[in-house]
$ cat model_25.cif   # mmCIF, C-alpha atoms and all ligand atoms
data_data
#
loop_
_atom_site.group_PDB
_atom_site.id
_atom_site.type_symbol
_atom_site.label_atom_id
_atom_site.label_comp_id
_atom_site.auth_asym_id
_atom_site.auth_seq_id
_atom_site.Cartn_x
_atom_site.Cartn_y
_atom_site.Cartn_z
ATOM 1 C CA VAL A 1 -8.226 14.900 15.134
ATOM 2 C CA SER A 2 -11.030 16.568 13.198
ATOM 3 C CA ASP A 3 -11.546 17.897 9.675
ATOM 4 C CA GLU A 4 -12.528 21.455 8.635
ATOM 5 C CA SER A 5 -16.185 20.842 9.549
ATOM 6 C CA GLY A 6 -15.255 19.513 12.982
ATOM 7 C CA ARG A 7 -16.038 15.813 12.269
ATOM 8 C CA ALA A 8 -13.707 13.246 13.804
ATOM 9 C CA VAL A 9 -11.338 11.853 11.169
ATOM 10 C CA ARG A 10 -11.139 8.091 11.524
ATOM 11 C CA ARG A 11 -8.924 7.144 8.654
ATOM 12 C CA PRO A 12 -6.608 8.710 6.129
ATOM 13 C CA GLU A 13 -7.511 9.033 2.475
ATOM 14 C CA VAL A 14 -6.243 5.659 1.224
ATOM 15 C CA TRP A 15 -4.851 5.287 -2.287
ATOM 16 C CA LEU A 16 -3.824 1.821 -3.555
ATOM 17 C CA ASN A 17 -1.348 1.574 -6.410
ATOM 18 C CA CYS A 18 0.563 -1.164 -8.172
ATOM 19 C CA ALA A 19 2.096 -2.096 -11.516
ATOM 20 C CA ALA A 20 1.126 -5.279 -13.343
ATOM 21 C CA SER A 21 1.752 -7.096 -16.587
ATOM 22 C CA MET A 22 -1.197 -7.172 -19.033
ATOM 23 C CA ASP A 23 -2.066 -10.578 -17.533
ATOM 24 C CA GLY A 24 -2.270 -9.074 -14.062
ATOM 25 C CA ARG A 25 1.003 -10.357 -12.572
ATOM 26 C CA ILE A 26 2.854 -8.028 -10.214
ATOM 27 C CA ALA A 27 6.161 -9.939 -10.115
ATOM 28 C CA LEU A 28 8.056 -12.751 -11.845
ATOM 29 C CA ALA A 29 7.887 -16.487 -11.076
ATOM 30 C CA GLY A 30 8.048 -17.150 -7.343
ATOM 31 C CA GLY A 31 7.437 -13.465 -6.576
ATOM 32 C CA ARG A 32 10.816 -12.243 -7.826
ATOM 33 C CA ARG A 33 10.714 -8.460 -8.203
ATOM 34 C CA ALA A 34 10.041 -7.028 -11.649
ATOM 35 C CA GLN A 35 10.334 -3.373 -12.625
ATOM 36 C CA LEU A 36 7.067 -3.185 -14.571
ATOM 37 C CA SER A 37 6.606 0.589 -14.638
ATOM 38 C CA GLY A 38 8.056 2.494 -17.570
ATOM 39 C CA THR A 39 9.724 5.896 -17.096
ATOM 40 C CA GLU A 40 6.457 7.862 -17.224
ATOM 41 C CA ASP A 41 4.788 5.604 -14.699
ATOM 42 C CA LEU A 42 7.803 5.704 -12.401
ATOM 43 C CA ARG A 43 7.511 9.488 -12.414
ATOM 44 C CA ARG A 44 3.792 9.277 -11.690
ATOM 45 C CA VAL A 45 4.445 6.998 -8.693
ATOM 46 C CA GLN A 46 7.182 9.266 -7.330
ATOM 47 C CA ALA A 47 4.808 12.250 -7.593
ATOM 48 C CA LEU A 48 2.208 10.211 -5.706
ATOM 49 C CA ARG A 49 4.722 9.271 -3.006
ATOM 50 C CA ALA A 50 5.689 12.937 -2.684
ATOM 51 C CA ARG A 51 2.123 14.053 -1.925
ATOM 52 C CA VAL A 52 1.269 11.555 0.842
ATOM 53 C CA GLU A 53 2.294 11.503 4.491
ATOM 54 C CA ALA A 54 2.909 7.735 4.530
ATOM 55 C CA ILE A 55 3.632 4.772 2.237
ATOM 56 C CA LEU A 56 2.627 1.264 3.334
ATOM 57 C CA VAL A 57 3.716 -2.211 2.199
ATOM 58 C CA GLY A 58 3.377 -5.741 3.589
ATOM 59 C CA VAL A 59 6.269 -7.701 5.054
ATOM 60 C CA GLY A 60 6.118 -10.086 2.061
ATOM 61 C CA THR A 61 7.179 -7.183 -0.153
ATOM 62 C CA VAL A 62 9.915 -6.169 2.271
ATOM 63 C CA ILE A 63 11.320 -9.720 2.238
ATOM 64 C CA LEU A 64 11.134 -10.192 -1.537
ATOM 65 C CA ASP A 65 11.857 -6.678 -2.856
ATOM 66 C CA ASP A 66 13.637 -4.856 -0.026
ATOM 67 C CA PRO A 67 12.197 -1.474 -1.123
ATOM 68 C CA SER A 68 13.579 1.760 0.330
ATOM 69 C CA LEU A 69 10.122 3.405 0.163
ATOM 70 C CA ARG A 70 11.842 6.723 -0.404
ATOM 71 C CA VAL A 71 10.827 9.393 -2.862
ATOM 72 C CA HIS A 72 13.210 9.511 -5.836
ATOM 73 C CA TRP A 73 13.264 13.312 -5.886
ATOM 74 C CA GLU A 74 15.625 13.269 -8.894
ATOM 75 C CA LEU A 75 12.676 12.115 -11.039
ATOM 76 C CA LEU A 76 10.558 15.090 -9.979
ATOM 77 C CA PRO A 77 10.770 18.794 -10.786
ATOM 78 C CA GLY A 78 11.701 21.174 -8.005
ATOM 79 C CA SER A 79 13.761 20.642 -4.913
ATOM 80 C CA PRO A 80 13.558 17.591 -2.654
ATOM 81 C CA GLY A 81 10.990 17.582 0.159
ATOM 82 C CA THR A 82 10.621 15.375 3.202
ATOM 83 C CA ASN A 83 10.274 11.632 2.765
ATOM 84 C CA PRO A 84 6.896 10.315 3.882
ATOM 85 C CA ARG A 85 6.721 7.946 6.818
ATOM 86 C CA ARG A 86 7.294 4.286 5.888
ATOM 87 C CA ILE A 87 4.876 1.698 7.245
ATOM 88 C CA VAL A 88 5.384 -2.077 7.216
ATOM 89 C CA VAL A 89 2.503 -4.451 7.950
ATOM 90 C CA ASP A 90 4.243 -7.254 9.819
ATOM 91 C CA ALA A 91 2.034 -9.185 12.256
ATOM 92 C CA SER A 92 4.732 -11.568 13.506
ATOM 93 C CA GLY A 93 7.919 -9.514 13.184
ATOM 94 C CA ARG A 94 9.438 -11.106 10.066
ATOM 95 C CA THR A 95 11.065 -7.926 8.705
ATOM 96 C CA PRO A 96 14.736 -8.849 8.075
ATOM 97 C CA PRO A 97 17.102 -6.895 10.376
ATOM 98 C CA ALA A 98 19.057 -5.671 7.326
ATOM 99 C CA ALA A 99 15.945 -4.481 5.443
ATOM 100 C CA ARG A 100 16.291 -0.997 3.947
ATOM 101 C CA VAL A 101 13.085 0.134 5.662
ATOM 102 C CA LEU A 102 14.870 -0.290 9.015
ATOM 103 C CA ASP A 103 17.899 1.808 8.003
ATOM 104 C CA GLY A 104 16.753 4.902 9.908
ATOM 105 C CA SER A 105 16.860 7.138 6.810
ATOM 106 C CA ALA A 106 13.162 8.085 7.139
ATOM 107 C CA PRO A 107 10.588 7.819 9.936
ATOM 108 C CA THR A 108 9.357 4.238 9.961
ATOM 109 C CA LEU A 109 6.533 2.449 11.720
ATOM 110 C CA VAL A 110 6.021 -1.309 11.924
ATOM 111 C CA ALA A 111 2.404 -2.346 12.479
ATOM 112 C CA THR A 112 2.349 -5.687 14.293
ATOM 113 C CA SER A 113 -0.061 -7.929 16.181
ATOM 114 C CA GLU A 114 -0.140 -9.575 19.595
ATOM 115 C CA ARG A 115 1.726 -12.498 17.936
ATOM 116 C CA CYS A 116 4.885 -10.421 17.590
ATOM 117 C CA THR A 117 7.664 -10.953 20.146
ATOM 118 C CA ARG A 118 10.368 -9.355 18.032
ATOM 119 C CA ARG A 119 12.193 -6.260 19.263
ATOM 120 C CA PHE A 120 12.890 -3.603 16.666
ATOM 121 C CA PRO A 121 15.644 -0.952 16.806
ATOM 122 C CA GLU A 122 14.832 2.103 18.914
ATOM 123 C CA HIS A 123 14.329 4.415 15.933
ATOM 124 C CA ILE A 124 11.467 2.219 14.675
ATOM 125 C CA GLU A 125 8.017 2.878 16.073
ATOM 126 C CA THR A 126 5.949 -0.278 16.585
ATOM 127 C CA LEU A 127 2.179 -0.419 16.984
ATOM 128 C CA VAL A 128 0.183 -3.486 18.011
ATOM 129 C CA VAL A 129 -3.026 -3.321 16.007
ATOM 130 C CA GLY A 130 -4.605 -6.760 15.967
ATOM 131 C CA GLN A 131 -4.527 -10.167 17.587
ATOM 132 C CA HIS A 132 -3.213 -12.399 14.778
ATOM 133 C CA ARG A 133 -2.877 -10.048 11.827
ATOM 134 C CA VAL A 134 -2.751 -6.345 11.355
ATOM 135 C CA GLU A 135 -6.300 -4.982 11.437
ATOM 136 C CA PHE A 136 -6.553 -2.006 9.125
ATOM 137 C CA GLU A 137 -9.648 -0.734 10.925
ATOM 138 C CA GLN A 138 -7.451 -0.345 14.000
ATOM 139 C CA LEU A 139 -4.394 0.921 12.162
ATOM 140 C CA TRP A 140 -6.039 3.698 10.119
ATOM 141 C CA PRO A 141 -7.138 5.871 13.105
ATOM 142 C CA ARG A 142 -3.699 5.467 14.706
ATOM 143 C CA LEU A 143 -2.160 6.862 11.531
ATOM 144 C CA VAL A 144 -4.509 9.848 11.597
ATOM 145 C CA GLU A 145 -3.292 10.547 15.161
ATOM 146 C CA ARG A 146 0.236 10.650 13.713
ATOM 147 C CA GLY A 147 -0.655 13.271 11.114
ATOM 148 C CA VAL A 148 -1.199 10.889 8.184
ATOM 149 C CA ARG A 149 -3.982 12.431 6.092
ATOM 150 C CA ARG A 150 -3.084 10.664 2.838
ATOM 151 C CA LEU A 151 -1.750 7.125 2.699
ATOM 152 C CA LEU A 152 -0.333 5.299 -0.315
ATOM 153 C CA VAL A 153 -0.583 1.476 -0.170
ATOM 154 C CA GLU A 154 1.870 -0.076 -2.625
ATOM 155 C CA GLY A 155 1.268 -3.794 -2.088
ATOM 156 C CA GLY A 156 1.889 -6.633 -2.168
ATOM 157 C CA ALA A 157 -0.866 -8.970 -3.211
ATOM 158 C CA GLU A 158 -1.940 -10.028 0.314
ATOM 159 C CA VAL A 159 -2.113 -6.510 1.666
ATOM 160 C CA LEU A 160 -4.008 -5.272 -1.403
ATOM 161 C CA ALA A 161 -6.452 -8.175 -0.972
ATOM 162 C CA SER A 162 -7.136 -7.301 2.668
ATOM 163 C CA VAL A 163 -7.567 -3.594 2.073
ATOM 164 C CA VAL A 164 -9.851 -4.146 -0.924
ATOM 165 C CA ARG A 165 -11.990 -6.614 1.031
ATOM 166 C CA SER A 166 -12.172 -4.187 3.964
ATOM 167 C CA GLY A 167 -13.574 -1.513 1.621
ATOM 168 C CA LEU A 168 -11.583 1.069 3.585
ATOM 169 C CA PHE A 169 -9.922 2.778 0.633
ATOM 170 C CA ASP A 170 -10.733 5.573 -1.769
ATOM 171 C CA ARG A 171 -8.918 4.868 -5.028
ATOM 172 C CA PHE A 172 -7.016 2.042 -6.721
ATOM 173 C CA THR A 173 -4.710 2.705 -9.661
ATOM 174 C CA ILE A 174 -3.108 -0.097 -11.655
ATOM 175 C CA TYR A 175 -0.521 0.480 -14.343
ATOM 176 C CA TYR A 176 -0.619 -2.332 -16.918
ATOM 177 C CA ALA A 177 2.660 -2.843 -18.756
ATOM 178 C CA PRO A 178 2.232 -4.221 -22.274
ATOM 179 C CA LEU A 179 3.958 -7.533 -21.558
ATOM 180 C CA VAL A 180 2.959 -11.010 -20.460
ATOM 181 C CA ILE A 181 4.439 -12.861 -17.478
ATOM 182 C CA GLY A 182 2.152 -15.893 -17.260
ATOM 183 C CA GLY A 183 3.092 -19.145 -15.521
ATOM 184 C CA LYS A 184 1.714 -20.533 -12.278
ATOM 185 C CA SER A 185 3.828 -18.981 -9.557
ATOM 186 C CA ALA A 186 3.901 -15.280 -10.440
ATOM 187 C CA PRO A 187 1.654 -13.370 -8.009
ATOM 188 C CA THR A 188 -1.371 -11.500 -9.323
ATOM 189 C CA VAL A 189 -2.547 -8.056 -8.169
ATOM 190 C CA ILE A 190 -4.766 -9.573 -5.477
ATOM 191 C CA ALA A 191 -4.121 -12.712 -3.372
ATOM 192 C CA GLY A 192 -6.030 -13.380 -0.138
ATOM 193 C CA ASP A 193 -8.986 -15.725 0.180
ATOM 194 C CA ASP A 194 -10.583 -17.692 -2.650
ATOM 195 C CA THR A 195 -13.775 -16.323 -4.142
ATOM 196 C CA ASP A 196 -16.367 -19.086 -4.654
ATOM 197 C CA ALA A 197 -19.206 -17.008 -6.103
ATOM 198 C CA LEU A 198 -19.283 -13.769 -8.046
ATOM 199 C CA ALA A 199 -21.767 -12.427 -5.534
ATOM 200 C CA ASN A 200 -18.902 -12.448 -3.014
ATOM 201 C CA ALA A 201 -16.418 -10.667 -5.281
ATOM 202 C CA PRO A 202 -15.611 -7.116 -4.177
ATOM 203 C CA ARG A 203 -16.801 -4.745 -6.913
ATOM 204 C CA LEU A 204 -14.955 -1.710 -8.179
ATOM 205 C CA ARG A 205 -16.028 1.159 -10.386
ATOM 206 C CA LEU A 206 -13.757 2.000 -13.314
ATOM 207 C CA VAL A 207 -13.505 5.797 -13.507
ATOM 208 C CA GLY A 208 -10.581 6.290 -15.843
ATOM 209 C CA ILE A 209 -8.321 4.587 -18.303
ATOM 210 C CA GLU A 210 -5.453 6.397 -19.942
ATOM 211 C CA ARG A 211 -2.372 5.665 -21.934
ATOM 212 C CA ILE A 212 0.815 6.296 -19.998
ATOM 213 C CA GLY A 213 4.076 5.717 -21.850
ATOM 214 C CA GLU A 214 3.839 2.279 -23.437
ATOM 215 C CA GLY A 215 1.176 1.017 -21.037
ATOM 216 C CA SER A 216 -2.197 1.940 -19.574
ATOM 217 C CA LEU A 217 -3.344 3.254 -16.247
ATOM 218 C CA ALA A 218 -6.715 2.143 -14.895
ATOM 219 C CA THR A 219 -8.315 4.025 -12.011
ATOM 220 C CA TYR A 220 -10.977 2.347 -9.869
ATOM 221 C CA LEU A 221 -13.069 3.489 -6.935
ATOM 222 C CA PRO A 222 -14.856 1.133 -4.548
ATOM 223 C CA ALA A 223 -18.285 0.333 -6.066
ATOM 224 C CA GLU A 224 -19.898 0.789 -2.659
ATOM 225 C CA PRO A 225 -18.727 4.173 -1.493
ATOM 226 C CA SER A 226 -16.520 3.533 1.529
ATOM 227 C CA PRO A 227 -17.231 5.569 4.647
ATOM 228 C CA PRO A 228 -15.422 8.860 4.096
ATOM 229 C CA PRO A 229 -12.478 9.587 6.358
ATOM 230 C CA GLY A 230 -14.718 11.685 8.624
ATOM 231 C CA GLU A 231 -17.524 9.145 9.105
ATOM 232 C CA PRO A 232 -17.709 6.150 11.456
ATOM 233 C CA ARG A 233 -18.001 2.790 9.683
HETATM 234 N N1 LIG B 301 4.280 -4.621 -9.034
HETATM 235 C C1 LIG B 301 4.010 -3.971 -7.934
HETATM 236 O O1 LIG B 301 3.481 -2.853 -7.968
HETATM 237 C C2 LIG B 301 4.354 -4.576 -6.600
HETATM 238 C C3 LIG B 301 4.300 -3.795 -5.443
HETATM 239 C C4 LIG B 301 4.586 -4.400 -4.214
HETATM 240 C C5 LIG B 301 4.876 -5.756 -4.170
HETATM 241 N N2 LIG B 301 4.912 -6.483 -5.308
HETATM 242 C C6 LIG B 301 5.165 -7.924 -5.271
HETATM 243 O O2 LIG B 301 4.312 -8.511 -4.320
HETATM 244 C C7 LIG B 301 4.930 -9.692 -3.796
HETATM 245 C C8 LIG B 301 4.790 -9.677 -2.287
HETATM 246 O O3 LIG B 301 3.434 -9.721 -1.977
HETATM 247 P P1 LIG B 301 2.847 -10.723 -0.899
HETATM 248 O O4 LIG B 301 1.406 -10.853 -1.172
HETATM 249 O O5 LIG B 301 3.707 -11.939 -0.868
HETATM 250 O O6 LIG B 301 3.142 -9.970 0.462
HETATM 251 P P2 LIG B 301 2.622 -8.592 1.102
HETATM 252 O O7 LIG B 301 1.223 -8.315 0.705
HETATM 253 O O8 LIG B 301 3.649 -7.555 0.843
HETATM 254 O O9 LIG B 301 2.697 -8.946 2.653
HETATM 255 C C9 LIG B 301 1.805 -9.926 3.151
HETATM 256 C C10 LIG B 301 2.119 -10.247 4.586
HETATM 257 O O10 LIG B 301 1.737 -9.162 5.424
HETATM 258 C C11 LIG B 301 1.377 -9.675 6.676
HETATM 259 N N3 LIG B 301 0.066 -9.195 7.108
HETATM 260 C C12 LIG B 301 -0.241 -8.842 8.377
HETATM 261 N N4 LIG B 301 -1.500 -8.460 8.480
HETATM 262 C C13 LIG B 301 -2.022 -8.559 7.242
HETATM 263 C C14 LIG B 301 -3.308 -8.293 6.733
HETATM 264 N N5 LIG B 301 -4.318 -7.830 7.483
HETATM 265 N N6 LIG B 301 -3.531 -8.529 5.421
HETATM 266 C C15 LIG B 301 -2.538 -8.974 4.621
HETATM 267 N N7 LIG B 301 -1.296 -9.238 5.051
HETATM 268 C C16 LIG B 301 -1.032 -9.026 6.364
HETATM 269 C C17 LIG B 301 1.318 -11.189 6.538
HETATM 270 O O11 LIG B 301 2.527 -11.745 7.083
HETATM 271 P P3 LIG B 301 2.589 -12.016 8.667
HETATM 272 O O12 LIG B 301 1.397 -12.866 8.983
HETATM 273 O O13 LIG B 301 3.877 -12.646 8.914
HETATM 274 O O14 LIG B 301 2.465 -10.661 9.256
HETATM 275 C C18 LIG B 301 1.305 -11.410 5.058
HETATM 276 O O15 LIG B 301 1.902 -12.622 4.662
HETATM 277 C C19 LIG B 301 6.360 -9.681 -4.273
HETATM 278 O O16 LIG B 301 6.481 -10.606 -5.310
HETATM 279 C C20 LIG B 301 6.552 -8.267 -4.788
HETATM 280 O O17 LIG B 301 7.494 -8.236 -5.839
HETATM 281 C C21 LIG B 301 4.664 -5.923 -6.530
#

$ encode --input "model_25.cif" --output "structure tokens"
Amino acid sequence: VSDESGRAVRRPEVWLNCAASMDGRIALAGGRRAQLSGTEDLRRVQALRARVEAILVGVGTVILDDPSLRVHWELLPGSPGTNPRRIVVDASGRTPPAARVLDGSAPTLVATSERCTRRFPEHIETLVVGQHRVEFEQLWPRLVERGVRRLLVEGGAEVLASVVRSGLFDRFTIYYAPLVIGGKSAPTVIAGDDTDALANAPRLRLVGIERIGEGSLATYLPAEPSPPPGEPR
């Protein structure tokens, strides 16, 4: 697959998005789902979903939230379009059989690793892209082959951590709701490995901050420009 200037396209344009409390929590105690977006932000997210070819979440989110990953067309002007492909990052095959993402209502792909022995229903495409975990460097080009030019990554905290550390993304938007969750067990925007020195902390560049409904929307780009979709890493 190549772009307009004939360069090989190695990854989609990757947009990360999540909603957090003002103290950076993305769920309640123990990871219980919280609807943090207000009406305006919900609309913004649905518009984002409607303009990508695929939406990706980790299996932790599927287990805890059971999202449908469908576009809520009723929140958008105009007539309904096609639902983007749903992608679950699930290295060992932990997606519950009754999960909504497996209901066959939209094309769905489960990205797994060599650790996975689970069999998924026939209507689910599975891709082995890694030995122990899903390797995004391997997954991204496979998505391009499937026509995914724009990818929305919606979480959760482990997946966001891996993608941010990989540097293979283009934009990260966080909606901050004006409320506090606090405590010790509510997940924050980013999980993953500990950071022991600031020199090892991935850096982002803040390019926008705007009021949206009752909250604020911050837009970040990677501080080190990531290789564009058409360039090898
Ligand atoms: N507020 C928001 O916008 C929002 C959005 C989404 C989720 N959430 C919250 O996020 C929480 C779930 O997040 P989570 O961090 O527990 O789970 P997650 O990020 O959704 O999924 C993490 C799991 O994905 C699998 N995985 C495979 N390869 C991976 C890789 N390279 N990098 C990272 N993960 C990989 C791992 O399980 P295996 O090893 O078994 O494959 C890992 O445990 C819930 O509380 C949910 O409510 C909030």

$ residues_near_ligand --input "model_25.cif" --ligand "ligand LIG 301 (chain B)" --cutoff "6 Å" --atoms "all atoms listed in the file" --output "ChimeraX atom specification"
/A:18-20,26-27,31-33,57-61,64-65,89-92,94,133-135,154-159,162

$ resolve_selection --input "model_25.cif" --expression "the PyMOL selection byres (((chain A and resi 197-206) around 8) and not hetatm)" --output "ChimeraX atom specification"
/A:164-165,195-196,207-209,218-224

$ closest_residue --input "model_25.cif" --among "A:Trp15, A:Arg85, A:Arg25, A:Ser105" --to "Ser185 (chain A)" --atoms "only C-alpha atoms"
A:Arg25

$ atom_distance --input "model_25.cif" --atom1 "CA of Leu127 (chain A)" --atom2 "CA of Leu143 (chain A)"
10.1 Å

$ resolve_selection --input "model_25.cif" --expression "the PyMOL selection byres (((chain A and resi 212) around 9) and not hetatm)" --output "list in words"
Gly38, Glu40, Asp41, Tyr175, Glu210, Arg211, Gly213, Glu214, Gly215, Ser216 and Leu217 of chain A

$ closest_residue --input "model_25.cif" --among "A:Leu76, A:Gly30, A:Glu114, A:Pro97" --to "Ala50 (chain A)" --atoms "only C-alpha atoms"
A:Leu76

$ resolve_selection --input "model_25.cif" --expression "the PyMOL selection byres (((chain A and resi 181) around 10) and not hetatm)" --output "PyMOL selection string"
chain A and resi 20-29+34+179-180+182-184+186-187

$ write_last_selection --input "model_25.cif" --atoms "C-alpha atoms" --output "PDB file, in the coordinates of the input"
ATOM      1  CA  ALA A  20       1.126  -5.279 -13.343  1.00  0.00           C
ATOM      2  CA  SER A  21       1.752  -7.096 -16.587  1.00  0.00           C
ATOM      3  CA  MET A  22      -1.197  -7.172 -19.033  1.00  0.00           C
ATOM      4  CA  ASP A  23      -2.066 -10.578 -17.533  1.00  0.00           C
ATOM      5  CA  GLY A  24      -2.270  -9.074 -14.062  1.00  0.00           C
ATOM      6  CA  ARG A  25       1.003 -10.357 -12.572  1.00  0.00           C
ATOM      7  CA  ILE A  26       2.854  -8.028 -10.214  1.00  0.00           C
ATOM      8  CA  ALA A  27       6.161  -9.939 -10.115  1.00  0.00           C
ATOM      9  CA  LEU A  28       8.056 -12.751 -11.845  1.00  0.00           C
ATOM     10  CA  ALA A  29       7.887 -16.487 -11.076  1.00  0.00           C
ATOM     11  CA  ALA A  34      10.041  -7.028 -11.649  1.00  0.00           C
ATOM     12  CA  LEU A 179       3.958  -7.533 -21.558  1.00  0.00           C
ATOM     13  CA  VAL A 180       2.959 -11.010 -20.460  1.00  0.00           C
ATOM     14  CA  GLY A 182       2.152 -15.893 -17.260  1.00  0.00           C
ATOM     15  CA  GLY A 183       3.092 -19.145 -15.521  1.00  0.00           C
ATOM     16  CA  LYS A 184       1.714 -20.533 -12.278  1.00  0.00           C
ATOM     17  CA  ALA A 186       3.901 -15.280 -10.440  1.00  0.00           C
ATOM     18  CA  PRO A 187       1.654 -13.370  -8.009  1.00  0.00           C
TER      19      PRO A 187
END

$ residues_around --input "model_25.cif" --residues "Gly130 (chain A)" --least-positions-apart "5" --cutoff "10 Å" --atoms "only C-alpha atoms" --output "PDB file with C-alpha atoms, in the coordinates of the input"
ATOM      1  CA  ALA A  91       2.034  -9.185  12.256  1.00  0.00           C
ATOM      2  CA  ALA A 111       2.404  -2.346  12.479  1.00  0.00           C
ATOM      3  CA  THR A 112       2.349  -5.687  14.293  1.00  0.00           C
ATOM      4  CA  SER A 113      -0.061  -7.929  16.181  1.00  0.00           C
ATOM      5  CA  GLU A 114      -0.140  -9.575  19.595  1.00  0.00           C
ATOM      6  CA  ARG A 115       1.726 -12.498  17.936  1.00  0.00           C
ATOM      7  CA  GLU A 135      -6.300  -4.982  11.437  1.00  0.00           C
ATOM      8  CA  PHE A 136      -6.553  -2.006   9.125  1.00  0.00           C
ATOM      9  CA  GLU A 137      -9.648  -0.734  10.925  1.00  0.00           C
ATOM     10  CA  GLN A 138      -7.451  -0.345  14.000  1.00  0.00           C
ATOM     11  CA  LEU A 139      -4.394   0.921  12.162  1.00  0.00           C
TER      12      LEU A 139
END
